[in-house]
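> My structure is stored as run.json, with JSON, C-alpha atoms.
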[["chain", "number", "residue", "atom", "x", "y", "z"],
["A", 358, "MET", "CA", -16.90, -3.13, -8.97],
["A", 359, "SER", "CA", -15.66, -6.25, -10.76],
["A", 360, "LYS", "CA", -18.82, -6.28, -12.89],
["A", 361, "LEU", "CA", -18.22, -2.66, -13.89],
["A", 362, "LEU", "CA", -14.59, -3.42, -14.71],
["A", 363, "ARG", "CA", -15.69, -6.25, -16.98],
["A", 364, "THR", "CA", -18.51, -4.40, -18.74],
["A", 365, "GLU", "CA", -17.52, -0.72, -18.85],
["A", 366, "LYS", "CA", -14.51, 1.19, -20.13],
["A", 367, "LEU", "CA", -13.24, 2.94, -17.02],
["A", 368, "ASP", "CA", -10.33, 5.35, -16.82],
["A", 369, "PHE", "CA", -9.75, 4.90, -13.10],
["A", 370, "LEU", "CA", -11.21, 3.57, -9.90],
["A", 371, "GLN", "CA", -10.69, 4.41, -6.26],
["A", 372, "ILE", "CA", -10.64, 1.64, -3.65],
["A", 373, "ASN", "CA", -9.59, 0.90, -0.11],
["A", 374, "TYR", "CA", -6.38, -1.14, -0.01],
["A", 375, "SER", "CA", -3.75, -1.59, 2.68],
["A", 376, "LEU", "CA", -1.71, -4.20, 4.48],
["A", 377, "GLY", "CA", -4.74, -4.58, 6.75],
["A", 378, "GLU", "CA", -7.36, -4.60, 4.00],
["A", 379, "ARG", "CA", -6.19, -6.75, 1.11],
["A", 380, "GLU", "CA", -9.48, -8.01, -0.38],
["A", 381, "ALA", "CA", -8.92, -6.01, -3.60],
["A", 382, "GLU", "CA", -5.97, -8.28, -4.46],
["A", 383, "MET", "CA", -8.30, -11.17, -5.18],
["A", 384, "GLU", "CA", -10.16, -9.77, -8.17],
["A", 385, "ILE", "CA", -10.30, -5.99, -8.46],
["A", 386, "LEU", "CA", -6.58, -5.22, -8.76],
["A", 387, "PRO", "CA", -5.75, -7.95, -11.31],
["A", 388, "LEU", "CA", -8.80, -7.04, -13.38],
["A", 389, "ALA", "CA", -7.99, -3.31, -13.31],
["A", 390, "HIS", "CA", -4.39, -4.07, -14.29],
["A", 391, "ASP", "CA", -5.47, -6.30, -17.18],
["A", 392, "ARG", "CA", -7.93, -3.69, -18.46],
["A", 393, "GLY", "CA", -5.52, -0.75, -18.12],
["A", 394, "VAL", "CA", -7.59, 1.01, -15.47],
["A", 395, "ALA", "CA", -5.73, 3.37, -13.14],
["A", 396, "VAL", "CA", -6.12, 2.51, -9.45],
["A", 397, "LEU", "CA", -6.17, 5.20, -6.75],
["A", 398, "VAL", "CA", -5.85, 3.74, -3.26],
["A", 399, "ASN", "CA", -7.81, 5.12, -0.30],
["A", 400, "ARG", "CA", -7.08, 4.44, 3.33],
["A", 401, "PRO", "CA", -3.51, 3.18, 2.87],
["A", 402, "PHE", "CA", -3.10, 3.24, 6.65],
["A", 403, "GLY", "CA", -6.36, 1.41, 7.29],
["A", 404, "GLY", "CA", -7.95, 4.49, 8.82],
["A", 405, "GLY", "CA", -5.04, 4.68, 11.25],
["A", 406, "GLY", "CA", -5.51, 1.13, 12.50],
["A", 407, "LEU", "CA", -2.23, -0.03, 11.03],
["A", 408, "PHE", "CA", -0.36, 2.61, 13.01],
["A", 409, "GLU", "CA", -1.96, 1.21, 16.17],
["A", 410, "ARG", "CA", -0.55, -2.21, 15.29],
["A", 411, "VAL", "CA", 3.00, -0.97, 14.73],
["A", 412, "ARG", "CA", 3.10, 1.61, 17.52],
["A", 413, "GLN", "CA", 6.13, 1.11, 19.76],
["A", 414, "LYS", "CA", 7.52, -1.54, 17.35],
["A", 415, "PRO", "CA", 10.85, -0.91, 15.67],
["A", 416, "LEU", "CA", 10.93, -0.73, 11.90],
["A", 417, "PRO", "CA", 12.62, -3.94, 10.72],
["A", 418, "ASP", "CA", 16.25, -3.57, 9.63],
["A", 419, "TRP", "CA", 15.47, -5.14, 6.25],
["A", 420, "ALA", "CA", 13.18, -2.19, 5.38],
["A", 421, "SER", "CA", 16.34, -0.28, 4.46],
["A", 422, "GLU", "CA", 16.76, -2.69, 1.51],
["A", 423, "PHE", "CA", 14.02, -0.72, -0.23],
["A", 424, "ASP", "CA", 14.90, 2.73, 1.12],
["A", 425, "CYS", "CA", 12.26, 2.75, 3.83],
["A", 426, "HIS", "CA", 12.79, 4.87, 6.95],
["A", 427, "SER", "CA", 9.40, 5.00, 8.71],
["A", 428, "TRP", "CA", 6.28, 2.94, 9.24],
["A", 429, "ALA", "CA", 4.29, 5.30, 6.99],
["A", 430, "GLN", "CA", 6.79, 4.72, 4.18],
["A", 431, "PHE", "CA", 6.69, 0.97, 4.85],
["A", 432, "LEU", "CA", 2.91, 0.87, 4.50],
["A", 433, "LEU", "CA", 2.87, 3.12, 1.43],
["A", 434, "LYS", "CA", 5.75, 1.42, -0.38],
["A", 435, "TRP", "CA", 3.98, -1.93, -0.02],
["A", 436, "ILE", "CA", 0.95, -0.46, -1.80],
["A", 437, "VAL", "CA", 2.66, 1.41, -4.62],
["A", 438, "ALA", "CA", 4.94, -1.55, -5.36],
["A", 439, "ASN", "CA", 1.87, -3.42, -6.57],
["A", 440, "PRO", "CA", 1.96, -3.08, -10.39],
["A", 441, "ALA", "CA", -1.82, -2.56, -10.51],
["A", 442, "VAL", "CA", -1.69, 0.53, -8.27],
["A", 443, "THR", "CA", -1.31, 3.95, -9.83],
["A", 444, "CYS", "CA", -1.10, 5.96, -6.61],
["A", 445, "ALA", "CA", -2.00, 5.98, -2.93],
["A", 446, "ILE", "CA", -3.89, 8.81, -1.27],
["A", 447, "PRO", "CA", -2.86, 9.13, 2.36],
["A", 448, "ALA", "CA", -4.85, 11.81, 4.12],
["A", 449, "THR", "CA", -3.05, 14.20, 6.43],
["A", 450, "SER", "CA", -3.14, 17.82, 7.46],
["A", 451, "ASN", "CA", 0.28, 17.55, 9.12],
["A", 452, "VAL", "CA", 3.12, 18.88, 6.95],
["A", 453, "ARG", "CA", 5.70, 16.62, 8.62],
["A", 454, "HIS", "CA", 3.55, 13.58, 7.84],
["A", 455, "LEU", "CA", 3.09, 14.78, 4.26],
["A", 456, "GLU", "CA", 6.85, 15.05, 3.81],
["A", 457, "ASP", "CA", 7.37, 11.57, 5.28],
["A", 458, "ASN", "CA", 4.63, 10.10, 3.07],
["A", 459, "MET", "CA", 6.20, 11.66, -0.01],
["A", 460, "GLN", "CA", 9.47, 9.85, 0.71],
["A", 461, "ALA", "CA", 7.65, 6.56, 0.12],
["A", 462, "GLY", "CA", 7.78, 7.40, -3.59],
["A", 463, "VAL", "CA", 11.56, 7.84, -3.56],
["A", 464, "GLY", "CA", 14.21, 5.17, -4.01],
["A", 465, "ARG", "CA", 13.72, 1.45, -4.33],
["A", 466, "PHE", "CA", 10.45, -0.39, -3.86],
["A", 467, "PRO", "CA", 9.98, -3.81, -2.31],
["A", 468, "ASP", "CA", 10.02, -6.73, -4.72],
["A", 469, "THR", "CA", 7.53, -9.60, -4.60],
["A", 470, "LYS", "CA", 9.48, -11.51, -1.96],
["A", 471, "GLN", "CA", 9.89, -8.42, 0.22],
["A", 472, "ARG", "CA", 6.19, -7.55, -0.15],
["A", 473, "GLN", "CA", 5.34, -11.01, 1.18],
["A", 474, "GLN", "CA", 7.77, -10.49, 4.06],
["A", 475, "MET", "CA", 5.92, -7.24, 4.84],
["A", 476, "ILE", "CA", 2.57, -9.07, 4.81],
["A", 477, "ASP", "CA", 3.95, -11.73, 7.14],
["A", 478, "LEU", "CA", 5.30, -9.13, 9.56],
["A", 479, "ILE", "CA", 2.07, -7.13, 9.79],
["A", 480, "SER", "CA", 0.00, -10.34, 10.06],
["A", 481, "GLN", "CA", 1.97, -11.30, 13.17],
["A", 482, "LEU", "CA", 1.24, -8.02, 14.98]]
What does the file become when written as structure tokens?


Amino acid sequence: MSKLLRTEKLDFLQINYSLGEREAEMEILPLAHDRGVAVLVNRPFGGGGLFERVRQKPLPDWASEFDCHSWAQFLLKWIVANPAVTCAIPATSNVRHLEDNMQAGVGRFPDTKQRQQMIDLISQL
């Protein structure tokens, strides 16, 4: 993908990216951002694996600092707060989950320091 980003004029790309799968941060996301390529994010919940990690854990109080009210919003807000990301594509057929996911795009987003705090929290689980 990085070779294509360097050699071709792309409009967008679609990649896996989540708090559990951050490899794209190393090269793909910065390169896409620099080249003005839109980034659509797949698997923002790590195929559901991130929900397994946070199950039965309370959402941290500090999540309210960026208008976050659920783990789904927490995971999505971390992604869309990255300036290289255009949008996240969470898959669901559940209307209640869809409505919750949509709220991740409302209100404040975590800043760089808060995003690191989110990484640290998930890394400890």

> From the set A:Leu455, A:Val463, A:Ile479, A:Leu362, which residue has the shortest atom-to-atom contact distance to Ala395 in chain A, counting all atoms listed in the file?

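Nearest to Ala395 in chain A: A:Leu362.
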
> Neighbouring residues of Ala420 in chain A were defined as those with any atom within 9 Å, considering all atoms listed in the file; residues of the same chain fewer than 4 positions away were excluded. Please report them as a PyMOL selection string.

chain A and resi 416+424-427+431+467+471+475

> Could you please determine the separation between CA of Lys414 in chain A and CA of Gln460 in chain A in Å, to one decimal place?

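Between these atoms lies a distance of 20.3 Å.
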
> Would you list the contacts of Val437 in chain A as a PyMOL selection string, taking every protein, DNA or RNA residue within 10 Å and counting all atoms listed in the file, but skipping same-chain residues closer than 6 positions in sequence?

chain A and resi 397-398+401+443-445+461-462+466-467

> Between A:Pro440, A:Pro415, A:Gly405, A:Gly377, which one has atoms that come closest to Gly393 in chain A, using all atoms listed in the file?

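Nearest candidate to Gly393 in chain A out of A:Pro440, A:Pro415, A:Gly405, A:Gly377: A:Pro440.
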